[in-house]
file target_7.cif (mmCIF, C-alpha atoms)
data_start
#
loop_
_atom_site.label_atom_id
_atom_site.label_comp_id
_atom_site.auth_asym_id
_atom_site.auth_seq_id
_atom_site.Cartn_x
_atom_site.Cartn_y
_atom_site.Cartn_z
CA PRO A 3 92.84 114.06 95.86
CA ILE A 4 94.82 112.50 93.05
CA LYS A 5 92.61 110.54 90.69
CA GLY A 6 92.99 106.78 90.34
CA LEU A 7 92.92 104.31 87.48
CA HIS A 8 89.19 103.89 87.97
CA ASP A 9 88.71 107.62 87.37
CA ILE A 10 90.59 107.39 84.07
CA PHE A 11 88.08 104.70 83.04
CA GLU A 12 85.04 106.54 84.49
CA ALA A 13 84.25 103.79 87.00
CA GLU A 14 82.73 105.09 90.22
CA ASN A 15 84.37 103.63 93.32
CA ARG A 16 81.43 103.20 95.70
CA TRP A 17 81.64 102.20 99.38
CA GLU A 18 79.18 99.36 100.03
CA GLY A 19 79.15 96.66 102.68
CA GLN A 20 82.49 97.52 104.29
CA SER A 21 84.39 97.68 101.01
CA TYR A 22 84.83 99.76 97.89
CA TRP A 23 83.23 98.37 94.73
CA LEU A 24 83.91 99.70 91.26
CA GLN A 25 80.78 100.36 89.29
CA ARG A 26 80.41 99.36 85.67
CA ALA A 27 81.38 102.10 83.21
CA ALA A 28 80.32 100.42 79.94
CA ALA A 29 77.69 97.79 79.19
CA THR A 30 78.01 97.11 75.45
CA PRO A 31 80.87 96.90 72.95
CA ASP A 32 79.82 100.27 71.50
CA GLU A 33 79.81 101.87 74.96
CA LEU A 34 83.22 100.34 75.62
CA LYS A 35 84.59 101.73 72.33
CA ALA A 36 83.35 105.20 73.26
CA LEU A 37 84.82 104.87 76.76
CA LEU A 38 88.20 103.80 75.34
CA ASP A 39 88.14 106.80 72.98
CA ARG A 40 87.72 109.06 76.03
CA VAL A 41 90.47 107.20 77.91
CA GLU A 42 92.85 107.71 74.98
CA ARG A 43 92.13 111.45 75.04
CA ARG A 44 92.79 111.58 78.80
CA LEU A 45 96.12 109.81 78.33
CA GLU A 46 97.29 112.61 76.02
CA ASP A 47 97.72 114.83 79.11
CA LEU A 48 97.18 112.53 82.06
CA ARG A 49 98.90 114.84 84.52
CA ALA A 50 96.27 117.52 83.95
CA PHE A 51 93.50 114.95 84.47
CA LEU A 52 94.96 113.23 87.56
CA LEU A 53 96.03 116.20 89.63
CA PRO A 54 93.77 118.83 91.20
CA PRO A 55 93.83 122.34 89.68
CA ASP A 56 95.78 123.80 92.63
CA TRP A 57 98.21 120.88 92.67
CA ASP A 58 101.51 122.78 92.41
CA LYS A 59 100.65 124.98 95.39
CA ALA A 60 99.26 122.09 97.46
CA ARG A 61 102.23 119.88 96.58
CA ALA A 62 104.75 122.58 97.59
CA ALA A 63 103.00 123.18 100.93
CA PHE A 64 102.73 119.45 101.62
CA LEU A 65 106.41 118.85 100.87
CA ALA A 66 107.49 121.95 102.85
CA ALA A 67 105.65 120.52 105.86
CA GLY A 68 107.71 117.32 105.59
CA GLY A 69 105.22 115.18 103.73
CA THR A 70 106.18 112.61 101.14
CA LEU A 71 104.16 111.80 98.08
CA PRO A 72 102.95 108.22 97.74
CA TYR A 73 104.16 105.86 95.07
CA TYR A 74 101.70 104.08 92.83
CA ARG A 75 102.85 100.49 93.26
CA SER A 76 99.67 98.53 93.79
CA GLN A 77 96.52 98.13 91.79
CA ARG A 78 93.38 96.07 91.48
CA GLY A 79 94.59 93.45 89.01
CA PRO A 80 93.91 93.79 85.31
CA VAL A 81 91.19 91.13 85.14
CA THR A 82 89.42 92.28 88.30
CA PHE A 83 89.66 95.88 87.12
CA ALA A 84 88.38 95.10 83.62
CA MET A 85 85.56 92.96 84.95
CA SER A 86 84.54 95.79 87.26
CA VAL A 87 84.59 98.37 84.48
CA TYR A 88 82.89 96.14 81.89
CA ASP A 89 81.37 93.12 83.73
CA VAL A 90 82.52 89.56 84.28
CA GLU A 91 80.60 87.77 81.55
CA GLU A 92 80.86 90.66 79.12
CA LEU A 93 84.67 90.65 79.33
CA ILE A 94 84.75 86.92 78.65
CA TYR A 95 82.45 87.35 75.64
CA LEU A 96 84.52 90.32 74.47
CA ILE A 97 87.75 88.31 74.53
CA MET A 98 86.08 85.46 72.63
CA ASP A 99 83.94 87.43 70.16
CA GLU A 100 85.75 90.74 69.67
CA PRO A 101 89.43 90.11 70.34
CA ALA A 102 90.58 93.35 68.69
CA LEU A 103 88.44 95.42 71.06
CA ALA A 104 89.49 93.27 74.02
CA GLU A 105 93.14 93.81 73.09
CA ARG A 106 92.56 97.57 72.83
CA PHE A 107 90.97 97.53 76.30
CA SER A 108 93.90 95.56 77.72
CA ARG A 109 96.51 97.81 76.14
CA LEU A 110 94.77 100.95 77.39
CA ILE A 111 94.69 99.57 80.92
CA LEU A 112 98.43 98.99 80.60
CA ARG A 113 99.11 102.45 79.15
CA ALA A 114 97.04 104.10 81.87
CA ILE A 115 98.82 102.20 84.66
CA LEU A 116 102.30 102.99 83.32
CA GLU A 117 101.45 106.61 82.62
CA ARG A 118 99.84 107.16 86.03
CA ALA A 119 102.87 105.63 87.74
CA ARG A 120 105.23 107.80 85.65
CA VAL A 121 103.34 110.99 86.48
CA LEU A 122 103.22 110.22 90.19
CA ASP A 123 106.91 109.27 90.24
CA GLU A 124 107.77 112.58 88.59
CA GLU A 125 105.63 114.47 91.09
CA ALA A 126 107.49 112.68 93.90
CA GLY A 127 110.79 113.77 92.35
CA CYS A 128 111.86 110.29 91.25
CA ALA A 129 113.61 109.54 88.01
CA PRO A 130 113.03 106.11 86.44
CA GLU A 131 116.50 105.06 87.64
CA THR A 132 115.79 105.99 91.26
CA ALA A 133 112.11 105.08 91.57
CA ARG A 134 111.11 102.45 94.10
CA HIS A 135 110.88 98.87 92.80
CA GLY A 136 108.04 96.46 93.46
CA TRP A 137 104.40 96.04 92.48
CA SER A 138 101.37 94.45 94.11
CA TRP A 139 98.19 93.24 92.41
CA ALA A 140 94.83 92.19 93.85
CA ASP A 141 93.33 90.13 91.05
CA ASP A 142 90.85 87.61 92.43
CA ASN A 143 88.88 87.64 89.19
CA CYS A 144 91.83 86.26 87.24
CA ALA A 145 90.32 82.86 88.09
CA MET A 146 87.42 83.70 85.76
CA LEU A 147 89.62 83.39 82.66
CA ASN A 148 91.18 80.25 81.26
CA LYS A 149 94.91 80.24 80.56
CA GLU A 150 94.57 81.31 76.92
CA MET A 151 92.29 84.24 77.81
CA TYR A 152 94.54 85.28 80.67
CA ASP A 153 97.66 85.09 78.49
CA PHE A 154 95.93 87.21 75.86
CA PHE A 155 94.35 89.88 78.09
CA ALA A 156 96.21 90.14 81.40
CA LYS A 157 99.67 88.65 81.04
CA PRO A 158 100.96 91.44 78.76
CA ILE A 159 99.92 93.97 81.42
CA LEU A 160 101.66 92.12 84.24
CA LYS A 161 104.78 91.53 82.16
CA ALA A 162 105.14 95.19 81.15
CA VAL A 163 104.49 96.48 84.68
CA PHE A 164 106.90 93.96 86.19
CA ASP A 165 109.52 94.71 83.53
CA ARG A 166 109.29 98.41 84.41
CA TYR A 167 108.83 98.31 88.21
CA CYS A 168 110.23 94.91 89.25
CA PRO A 169 113.07 94.16 86.84
CA LEU A 170 115.43 92.64 89.39
CA PRO A 171 115.15 89.10 90.80
CA GLY A 172 114.79 90.40 94.38
CA ASP A 173 112.10 92.97 93.58
CA GLY A 174 108.75 92.44 95.29
CA ARG A 175 106.00 91.11 93.07
#

call {"tool": "encode", "arguments": {"input": "target_7.cif", "output": "structure tokens"}}
result
Amino acid sequence: PIKGLHDIFEAENRWEGQSYWLQRAAATPDELKALLDRVERRLEDLRAFLLPPDWDKARAAFLAAGGTLPYYRSQRGPVTFAMSVYDVEELIYLIMDEPALAERFSRLILRAILERARVLDEEAGCAPETARHGWSWADDNCAMLNKEMYDFFAKPILKAVFDRYCPLPGDGR
């Protein structure tokens, strides 16, 4: 299997009660800093991290059999994702009390999303000019932030992803 965004951020995706639930990956600002250091290292060669060791062989066999590789065009929204990785209240406190660390967390979520999408597009044989447009978010927890917090933490992520994958007025968002 190809690893997901939650894997990049070390959040276990556990099946419980008829749904998957991301498990917290950091509980304190210091743990979050250490996690973000590891995420940055993974982003240096994300392809090697995301894809299984026998990927080239498996990919060739899959494509030869008529399969098509999936696009990465939907994601748990940035607030829901961050609150799963770090906790609801803790993210709110982080934004209020440690804005530089909160901004780093936000920007690494963005970098990881864009880089994962780029890698998977390349593996599917799509150039940026020919890649499928559209993006879907599931971000129920966005309601936990006020407008200023949302504009600070999540809006830059949505804007950059939409600018890259939904630049045209008719693109699905």

call {"tool": "resolve_selection", "arguments": {"input": "target_7.cif", "expression": "the PyMOL selection byres ((chain A and resi 52-62) around 10)", "output": "ChimeraX atom specification"}}
result
/A:3-7,9-10,44-45,47-51,63-67,69-71,118,121-122,125-126

call {"tool": "write_last_selection", "arguments": {"input": "target_7.cif", "atoms": "C-alpha atoms", "output": "PDB file, keeping the file's coordinate frame"}}
result
ATOM      1  CA  PRO A   3      92.840 114.060  95.860  1.00  0.00           C
ATOM      2  CA  ILE A   4      94.820 112.500  93.050  1.00  0.00           C
ATOM      3  CA  LYS A   5      92.610 110.540  90.690  1.00  0.00           C
ATOM      4  CA  GLY A   6      92.990 106.780  90.340  1.00  0.00           C
ATOM      5  CA  LEU A   7      92.920 104.310  87.480  1.00  0.00           C
ATOM      6  CA  ASP A   9      88.710 107.620  87.370  1.00  0.00           C
ATOM      7  CA  ILE A  10      90.590 107.390  84.070  1.00  0.00           C
ATOM      8  CA  ARG A  44      92.790 111.580  78.800  1.00  0.00           C
ATOM      9  CA  LEU A  45      96.120 109.810  78.330  1.00  0.00           C
ATOM     10  CA  ASP A  47      97.720 114.830  79.110  1.00  0.00           C
ATOM     11  CA  LEU A  48      97.180 112.530  82.060  1.00  0.00           C
ATOM     12  CA  ARG A  49      98.900 114.840  84.520  1.00  0.00           C
ATOM     13  CA  ALA A  50      96.270 117.520  83.950  1.00  0.00           C
ATOM     14  CA  PHE A  51      93.500 114.950  84.470  1.00  0.00           C
ATOM     15  CA  ALA A  63     103.000 123.180 100.930  1.00  0.00           C
ATOM     16  CA  PHE A  64     102.730 119.450 101.620  1.00  0.00           C
ATOM     17  CA  LEU A  65     106.410 118.850 100.870  1.00  0.00           C
ATOM     18  CA  ALA A  66     107.490 121.950 102.850  1.00  0.00           C
ATOM     19  CA  ALA A  67     105.650 120.520 105.860  1.00  0.00           C
ATOM     20  CA  GLY A  69     105.220 115.180 103.730  1.00  0.00           C
ATOM     21  CA  THR A  70     106.180 112.610 101.140  1.00  0.00           C
ATOM     22  CA  LEU A  71     104.160 111.800  98.080  1.00  0.00           C
ATOM     23  CA  ARG A 118      99.840 107.160  86.030  1.00  0.00           C
ATOM     24  CA  VAL A 121     103.340 110.990  86.480  1.00  0.00           C
ATOM     25  CA  LEU A 122     103.220 110.220  90.190  1.00  0.00           C
ATOM     26  CA  GLU A 125     105.630 114.470  91.090  1.00  0.00           C
ATOM     27  CA  ALA A 126     107.490 112.680  93.900  1.00  0.00           C
TER      28      ALA A 126
END

call {"tool": "resolve_selection", "arguments": {"input": "target_7.cif", "expression": "the PyMOL selection byres ((chain A and resi 87) around 7)", "output": "PyMOL selection string"}}
result
chain A and resi 13+24-28+83-86+88-89

call {"tool": "resolve_selection", "arguments": {"input": "target_7.cif", "expression": "the PyMOL selection byres ((chain A and resi 134) around 10)", "output": "list in words"}}
result
Tyr73, Tyr74, Arg75, Asp123, Cys128, Ala129, Pro130, Glu131, Thr132, Ala133, His135, Gly136, Trp137, Tyr167, Cys168 and Asp173 of chain A

call {"tool": "write_last_selection", "arguments": {"input": "target_7.cif", "atoms": "C-alpha atoms", "output": "PDB file, keeping the file's coordinate frame"}}
result
ATOM      1  CA  TYR A  73     104.160 105.860  95.070  1.00  0.00           C
ATOM      2  CA  TYR A  74     101.700 104.080  92.830  1.00  0.00           C
ATOM      3  CA  ARG A  75     102.850 100.490  93.260  1.00  0.00           C
ATOM      4  CA  ASP A 123     106.910 109.270  90.240  1.00  0.00           C
ATOM      5  CA  CYS A 128     111.860 110.290  91.250  1.00  0.00           C
ATOM      6  CA  ALA A 129     113.610 109.540  88.010  1.00  0.00           C
ATOM      7  CA  PRO A 130     113.030 106.110  86.440  1.00  0.00           C
ATOM      8  CA  GLU A 131     116.500 105.060  87.640  1.00  0.00           C
ATOM      9  CA  THR A 132     115.790 105.990  91.260  1.00  0.00           C
ATOM     10  CA  ALA A 133     112.110 105.080  91.570  1.00  0.00           C
ATOM     11  CA  HIS A 135     110.880  98.870  92.800  1.00  0.00           C
ATOM     12  CA  GLY A 136     108.040  96.460  93.460  1.00  0.00           C
ATOM     13  CA  TRP A 137     104.400  96.040  92.480  1.00  0.00           C
ATOM     14  CA  TYR A 167     108.830  98.310  88.210  1.00  0.00           C
ATOM     15  CA  CYS A 168     110.230  94.910  89.250  1.00  0.00           C
ATOM     16  CA  ASP A 173     112.100  92.970  93.580  1.00  0.00           C
TER      17      ASP A 173
END

call {"tool": "closest_residue", "arguments": {"input": "target_7.cif", "among": "A:Ala114, A:Leu170, A:Val41, A:Leu34", "to": "A:Glu100", "atoms": "only C-alpha atoms"}}
result
A:Leu34

call {"tool": "axis_aligned_box", "arguments": {"input": "target_7.cif", "around": "stretch 150-169 of chain A", "padding_each_side": "6 Å", "output": "lines of an AutoDock Vina configuration file"}}
result
center_x = 102.7
center_y = 89.9
center_z = 82.6
size_x = 32.8
size_y = 29.1
size_z = 25.4

call {"tool": "closest_residue", "arguments": {"input": "target_7.cif", "among": "A:Phe11, A:Tyr95, A:Phe155, A:Phe164", "to": "A:Ala36", "atoms": "all atoms listed in the file"}}
result
A:Phe11

call {"tool": "closest_residue", "arguments": {"input": "target_7.cif", "among": "A:Gly68, A:Glu92, A:Met98, A:Glu42", "to": "A:Glu150", "atoms": "only C-alpha atoms"}}
result
A:Met98

call {"tool": "atom_distance", "arguments": {"input": "target_7.cif", "atom1": "atom CA of A:Met151", "atom2": "atom CA of A:Ile94"}}
result
8.0 Å

call {"tool": "closest_residue", "arguments": {"input": "target_7.cif", "among": "A:Val81, A:Ile97, A:Leu103, A:Leu160", "to": "A:Asp32", "atoms": "only C-alpha atoms"}}
result
A:Leu103

call {"tool": "atom_distance", "arguments": {"input": "target_7.cif", "atom1": "atom CA of A:Ala145", "atom2": "atom CA of A:Lys35"}}
result
25.2 Å

call {"tool": "atom_distance", "arguments": {"input": "target_7.cif", "atom1": "atom CA of A:Glu117", "atom2": "atom CA of A:Asn143"}}
result
23.7 Å

call {"tool": "closest_residue", "arguments": {"input": "target_7.cif", "among": "A:Pro72, A:Asp99, A:Ala29, A:Pro80", "to": "A:Glu124", "atoms": "only C-alpha atoms"}}
result
A:Pro72
